[in-house]
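Participant: My questions will all concern the structure given below.
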Amino acid sequence: MQAPPAKPGMTIGEIDTPALIVDLDALESNLDRMSAILDKGRVRLRAHAKTHKSPVIAHMQIARGAAGQCVQKVAEAEALAFGGVRDILVSNEVVCPQKLARLAALTHIANVALCADSLAGIEAAASAARDAQTTLTVLVEVNVGGERCGVSPGGEAVALAQAIAASPHLRFGGIQAYHGRAQHVRDPAERKAAAVAAARAAAMTVEQLKQAGLSCETIGGAGTGTFMHDLESGVYNELQAGSYCFMDADYARNSPDPDDARPGFRQALFVLSSVMSVPRPGIAVVDAGHKAVAVDSGLPLVFGRPELSYVSASDEHGKLTVSEEKPAPRLGERLLLVPGHCDPTVDRFDWYVVIKKERVVGLWPVAARGAMS
Ligand SMILES: Cc1ncc(COP(=O)(O)O)c(C=O)c1O
């Protein structure tokens, strides 16, 4: 673990770089906005912790009404459970016996559920639960258009649900119907159409499960790009949005839905960088390359500085161009980068440097950094 790059009370100019910055006012505003949007009686938020990887932020979400957290990995579930989070869904398939044994062990301190999309996965989960003398809750993952994991809607999902319900060591928890590809469809009408089709497939599956005598406690799905449509569908009762707490440059490229009068979420996550070279006119180089900021969903933006374009990333260098009529940034100048993709950017740091009005007010560990097992 690296030493924290700042101390409480420091100004932005005193923080060592590159550093992962959270604007506390923006984070709290995003969490409050989501909590206000959700009709708490009918639809729960199970915020996705793959974004923040932090029990601190998980507890902030739970304090605002979230039912619990989603994670993608058993190691993330462990980091949250050891940080006091008591309701965790692994929104993913877990099939290896050693991982299932770790997950079953967590049921002694938290409500734990996982997804399955195969009979073999269900049998492996049942063996782990039996060996640990516990019960695991299993949701059937349904492919509602994302074309990643998940069985087809309808009959295939019913067959798996029946296998879960028939096991003395498992509990059927419902379905996960998450459409990942829909989240970043830029055109709002196309994004909505994908979400509506996903909700229809989920509803048809829920109906067939009902006819087979199985009720879904959880009908889960949704991300930051579609959750308003998923909410309006009346089908989902648990939303799994994650990125909304921080946002990123990729989500900023989604055109806003004209029907949604609510203001968007604010950018709350940044990578603070320093200009380390101004080698030629019109060029500046910062100390944050792709080891500090994820570029899988596009290059970062330079916050509040439209005249600067981050044009290429190497391991430890970020090259910026400066538009002609503007002065180049000074050597040593601090620049806030808006990451292209928030989740993997967070994974590059051990510490959140939490700021309020340009002063450091906290250092929070990224507890599930590197939790990929
Ligand atoms: C299963 C699942 N649910 C929810 C999410 C959250 O999506 P977002 O961070 O876009 O809100 C993801 C993100 O990849 C996911 O894989």
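In the structure tokens, chains take letters A, B, ... by order of appearance, with residues numbered from 1 within each chain and ligands from 1 in the order shown.
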Using DSSP on the backbone coordinates, identify all residues within stretch 41-241 of chain A classified as strand (DSSP E or B); present the result as a ChimeraX atom specification.

Facilitator: /A:44-48,68-71,87-93,111-116,136-142,151,170-176,218-221,238-239

Participant: List every residue of chain A that has an atom at most 7 Å from any atom of ligand 1, giving for each one its closest atom pair and the distance in Å to one decimal, counting only C-alpha atoms and all ligand atoms, sorted by chain and then by ascending residue number, as a Markdown table.

Facilitator:
```
| residue | atom | partner | partner_atom_place_in_ligand_line | distance |
| --- | --- | --- | --- | --- |
| A:His48 | CA | ligand 1 | 6 (C) | 5.5 |
| A:Thr51 | CA | ligand 1 | 9 (O) | 6.1 |
| A:Ser91 | CA | ligand 1 | 1 (C) | 5.0 |
| A:Asn92 | CA | ligand 1 | 1 (C) | 6.5 |
| A:Tyr178 | CA | ligand 1 | 1 (C) | 5.7 |
| A:Gly180 | CA | ligand 1 | 16 (O) | 6.3 |
| A:Gln183 | CA | ligand 1 | 10 (O) | 6.0 |
| A:Gly221 | CA | ligand 1 | 3 (N) | 5.9 |
| A:Ala222 | CA | ligand 1 | 4 (C) | 5.9 |
| A:Gly223 | CA | ligand 1 | 11 (O) | 3.5 |
| A:Thr224 | CA | ligand 1 | 11 (O) | 3.7 |
| A:Gly225 | CA | ligand 1 | 10 (O) | 6.2 |
| A:Gln240 | CA | ligand 1 | 4 (C) | 4.5 |
| A:Ala241 | CA | ligand 1 | 11 (O) | 3.6 |
| A:Gly242 | CA | ligand 1 | 11 (O) | 3.7 |
| A:Ser243 | CA | ligand 1 | 9 (O) | 3.8 |
| A:Tyr244 | CA | ligand 1 | 11 (O) | 5.9 |
```

Participant: Find the distance between atom CA of A:Ser127 and atom CA of A:Leu89 and write it in Å to one decimal.

Facilitator: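 Calculated distance between atom CA of A:Ser127 and atom CA of A:Leu89 is 18.9 Å.
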
Participant: Taking the chain letters and numbering used in this document, name the residues of stretch 259-364 of chain A that DSSP puts in helix (DSSP H, G or I), as a VMD selection string.

Facilitator: chain A and resid 342 to 346

Participant: Looking at only C-alpha atoms, which of A:Gln133, A:Ser277, A:Ser215, A:Asn111 is the one that sits closest to A:Gln162?

Facilitator: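 That would be A:Ser215, the residue with the smallest distance to A:Gln162.
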
Participant: Which distance in Å separates atom CA of A:Asp117 and atom CA of A:Glu141, to one decimal?

Facilitator: 5.6 Å

Participant: Find the spatial neighbours of A:Thr134, counting only C-alpha atoms, within a cut-off of 8 Å - ignore same-chain residues fewer than 5 positions away - and output them as an NGL selection string.

Facilitator: :A and (104 or 107 or 129 or 169)

Participant: Can you write out the residues you just picked, keeping C-alpha atoms, as a tab-separated table (two decimals), in the first residue's frame?

Facilitator:
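Done, and the output landed in result.tsv:
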```tsv
chain	number	residue	atom	x	y	z
A	104	ALA	CA	-20.42	-19.17	2.03
A	107	THR	CA	-23.05	-15.70	5.23
A	129	ALA	CA	-23.36	-24.03	1.15
A	169	HIS	CA	-28.88	-25.62	0.60
```

Participant: Near A:Ser152, within 12 Å and counting only C-alpha atoms, which residues show up once chain neighbours fewer than 6 positions away are dropped, as a short mmCIF file (atom, residue, chain, number, x, y, z; two decimals) with N, CA, C and O atoms, in the first residue's frame?

Facilitator:
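File out18.cif, as written:
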```
data_model
loop_
_atom_site.label_atom_id
_atom_site.label_comp_id
_atom_site.auth_asym_id
_atom_site.auth_seq_id
_atom_site.Cartn_x
_atom_site.Cartn_y
_atom_site.Cartn_z
N ASP A 117 -26.00 -18.87 -13.98
CA ASP A 117 -26.61 -19.05 -15.30
C ASP A 117 -26.33 -20.44 -15.85
O ASP A 117 -26.37 -20.65 -17.06
N SER A 118 -26.06 -21.41 -14.91
CA SER A 118 -25.82 -22.79 -15.36
C SER A 118 -26.20 -23.74 -14.23
O SER A 118 -26.12 -23.37 -13.04
N VAL A 140 -31.16 -16.05 -10.67
CA VAL A 140 -30.86 -16.49 -12.03
C VAL A 140 -30.54 -15.25 -12.86
O VAL A 140 -31.32 -14.28 -12.88
N GLU A 141 -29.39 -15.26 -13.53
CA GLU A 141 -29.08 -14.13 -14.42
C GLU A 141 -29.70 -14.39 -15.79
O GLU A 141 -29.50 -15.46 -16.39
N VAL A 142 -30.45 -13.40 -16.26
CA VAL A 142 -31.15 -13.53 -17.54
C VAL A 142 -30.51 -12.56 -18.53
O VAL A 142 -30.25 -11.39 -18.20
N ASN A 143 -30.25 -13.03 -19.72
CA ASN A 143 -29.68 -12.18 -20.77
C ASN A 143 -30.81 -11.37 -21.41
O ASN A 143 -31.61 -11.90 -22.17
N VAL A 144 -30.87 -10.10 -21.07
CA VAL A 144 -31.96 -9.25 -21.59
C VAL A 144 -31.44 -8.29 -22.67
O VAL A 144 -32.01 -7.23 -22.89
N GLY A 145 -30.35 -8.69 -23.32
CA GLY A 145 -29.84 -7.87 -24.43
C GLY A 145 -28.38 -7.52 -24.31
O GLY A 145 -27.76 -7.09 -25.29
N GLY A 146 -27.80 -7.70 -23.14
CA GLY A 146 -26.39 -7.37 -22.94
C GLY A 146 -25.46 -8.35 -23.62
O GLY A 146 -24.30 -8.03 -23.88
N VAL A 158 -36.56 -20.35 -16.03
CA VAL A 158 -37.46 -21.09 -15.12
C VAL A 158 -36.79 -22.41 -14.71
O VAL A 158 -36.81 -22.79 -13.53
N ALA A 159 -36.17 -23.10 -15.66
CA ALA A 159 -35.53 -24.39 -15.34
C ALA A 159 -34.44 -24.21 -14.27
O ALA A 159 -34.35 -25.00 -13.33
N LEU A 160 -33.66 -23.14 -14.40
CA LEU A 160 -32.60 -22.91 -13.39
C LEU A 160 -33.21 -22.53 -12.04
O LEU A 160 -32.74 -22.99 -10.99
N ILE A 175 -34.41 -12.80 -10.02
CA ILE A 175 -33.62 -12.73 -11.26
C ILE A 175 -32.79 -11.45 -11.30
O ILE A 175 -33.16 -10.44 -10.71
N GLN A 176 -31.69 -11.54 -12.03
CA GLN A 176 -30.93 -10.34 -12.39
C GLN A 176 -31.07 -10.16 -13.90
O GLN A 176 -30.73 -11.07 -14.67
N ALA A 177 -31.57 -9.01 -14.30
CA ALA A 177 -31.82 -8.72 -15.72
C ALA A 177 -31.14 -7.39 -16.06
O ALA A 177 -31.80 -6.37 -16.27
N ALA A 198 -35.46 -4.72 -22.52
CA ALA A 198 -34.92 -5.52 -21.41
C ALA A 198 -35.99 -5.74 -20.35
O ALA A 198 -36.17 -6.85 -19.83
N ALA A 201 -38.49 -8.37 -21.44
CA ALA A 201 -37.96 -9.74 -21.31
C ALA A 201 -37.95 -10.16 -19.84
O ALA A 201 -38.27 -11.32 -19.50
N ALA A 202 -37.62 -9.21 -18.95
CA ALA A 202 -37.63 -9.53 -17.52
C ALA A 202 -39.05 -9.83 -17.05
O ALA A 202 -39.29 -10.80 -16.33
N MET A 204 -41.62 -10.90 -18.78
CA MET A 204 -42.09 -12.18 -19.32
C MET A 204 -41.52 -13.34 -18.49
O MET A 204 -42.22 -14.31 -18.17
N THR A 205 -40.26 -13.21 -18.08
CA THR A 205 -39.63 -14.27 -17.28
C THR A 205 -40.28 -14.35 -15.89
O THR A 205 -40.57 -15.45 -15.39
#
```

Participant: Excluding same-chain residues fewer than 3 positions from A:Trp364, what lies within 9 Å of it counting only C-alpha atoms, as a PyMOL selection string?

Facilitator: chain A and resi 54+56+350-354+367

Participant: Mind giving me the straight-line distance from atom CA of A:Leu231 to atom CA of A:Arg42 in Å, one decimal?

Facilitator: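 Interatomic distance, atom CA of A:Leu231 to atom CA of A:Arg42: 9.5 Å.
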
Participant: Name all residues at most 9 Å from A:Leu106 (count only C-alpha atoms; drop same-chain ones fewer than 4 positions away) and give them as JSON, numbers by chain.

Facilitator: {"A": [77, 78, 81, 101, 102, 110, 111, 112]}

Participant: For N, CA, C and O atoms, I'd like the residues from the last selection saved as a compact mmCIF listing (two decimals), in the first residue's frame.

Facilitator:
```
# COMPACT_ATOMS: atom_id res chain seq x y z
N ALA A 77 -16.74 -8.55 -2.10
CA ALA A 77 -17.74 -8.85 -1.06
C ALA A 77 -17.05 -8.93 0.30
O ALA A 77 -17.57 -8.42 1.31
N GLU A 78 -15.87 -9.54 0.34
CA GLU A 78 -15.14 -9.65 1.61
C GLU A 78 -14.76 -8.26 2.13
O GLU A 78 -14.96 -7.96 3.32
N ALA A 81 -17.94 -6.70 3.48
CA ALA A 81 -18.45 -7.38 4.68
C ALA A 81 -17.54 -7.09 5.88
O ALA A 81 -18.01 -6.81 6.98
N ALA A 101 -16.58 -21.24 -1.36
CA ALA A 101 -16.37 -21.50 0.07
C ALA A 101 -16.16 -20.18 0.81
O ALA A 101 -16.69 -19.97 1.91
N ARG A 102 -15.41 -19.25 0.19
CA ARG A 102 -15.21 -17.93 0.83
C ARG A 102 -16.53 -17.17 0.94
O ARG A 102 -16.81 -16.52 1.94
N ALA A 110 -23.08 -11.65 7.05
CA ALA A 110 -23.85 -10.77 6.14
C ALA A 110 -24.86 -11.59 5.35
O ALA A 110 -24.69 -12.80 5.20
N ASN A 111 -25.90 -10.93 4.86
CA ASN A 111 -26.77 -11.57 3.87
C ASN A 111 -26.03 -11.55 2.55
O ASN A 111 -25.64 -10.47 2.08
N VAL A 112 -25.85 -12.73 1.97
CA VAL A 112 -25.03 -12.82 0.76
C VAL A 112 -25.81 -13.54 -0.32
O VAL A 112 -26.43 -14.57 -0.05
```

Participant: Tell me which protein, DNA and RNA residues are within 7 Å of A:Glu358, counting only C-alpha atoms, leaving out same-chain ones fewer than 2 positions away, and put them as a ChimeraX atom specification.

Facilitator: /A:11-12,355-356,360

Participant: Which one is closest to A:Arg369: A:Gly220, A:Ala3, A:Asp16, A:Glu76? Count only C-alpha atoms.

Facilitator: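 The shortest atom-to-atom distance to A:Arg369 comes from A:Glu76.
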
Participant: Which residue, A:Leu320, A:Val278, A:Ala120, A:Ala284, has the smallest gap to A:Glu93 when you use only C-alpha atoms?

Facilitator: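 Smallest distance to A:Glu93 is found for A:Ala120.
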
Participant: Rank nothing, just name the residue among A:Pro4, A:Pro97, A:Gly362, A:Gly264 nearest to A:Ser29, using only C-alpha atoms.

Facilitator: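 Among the listed residues, the smallest separation from A:Ser29 belongs to A:Gly264.
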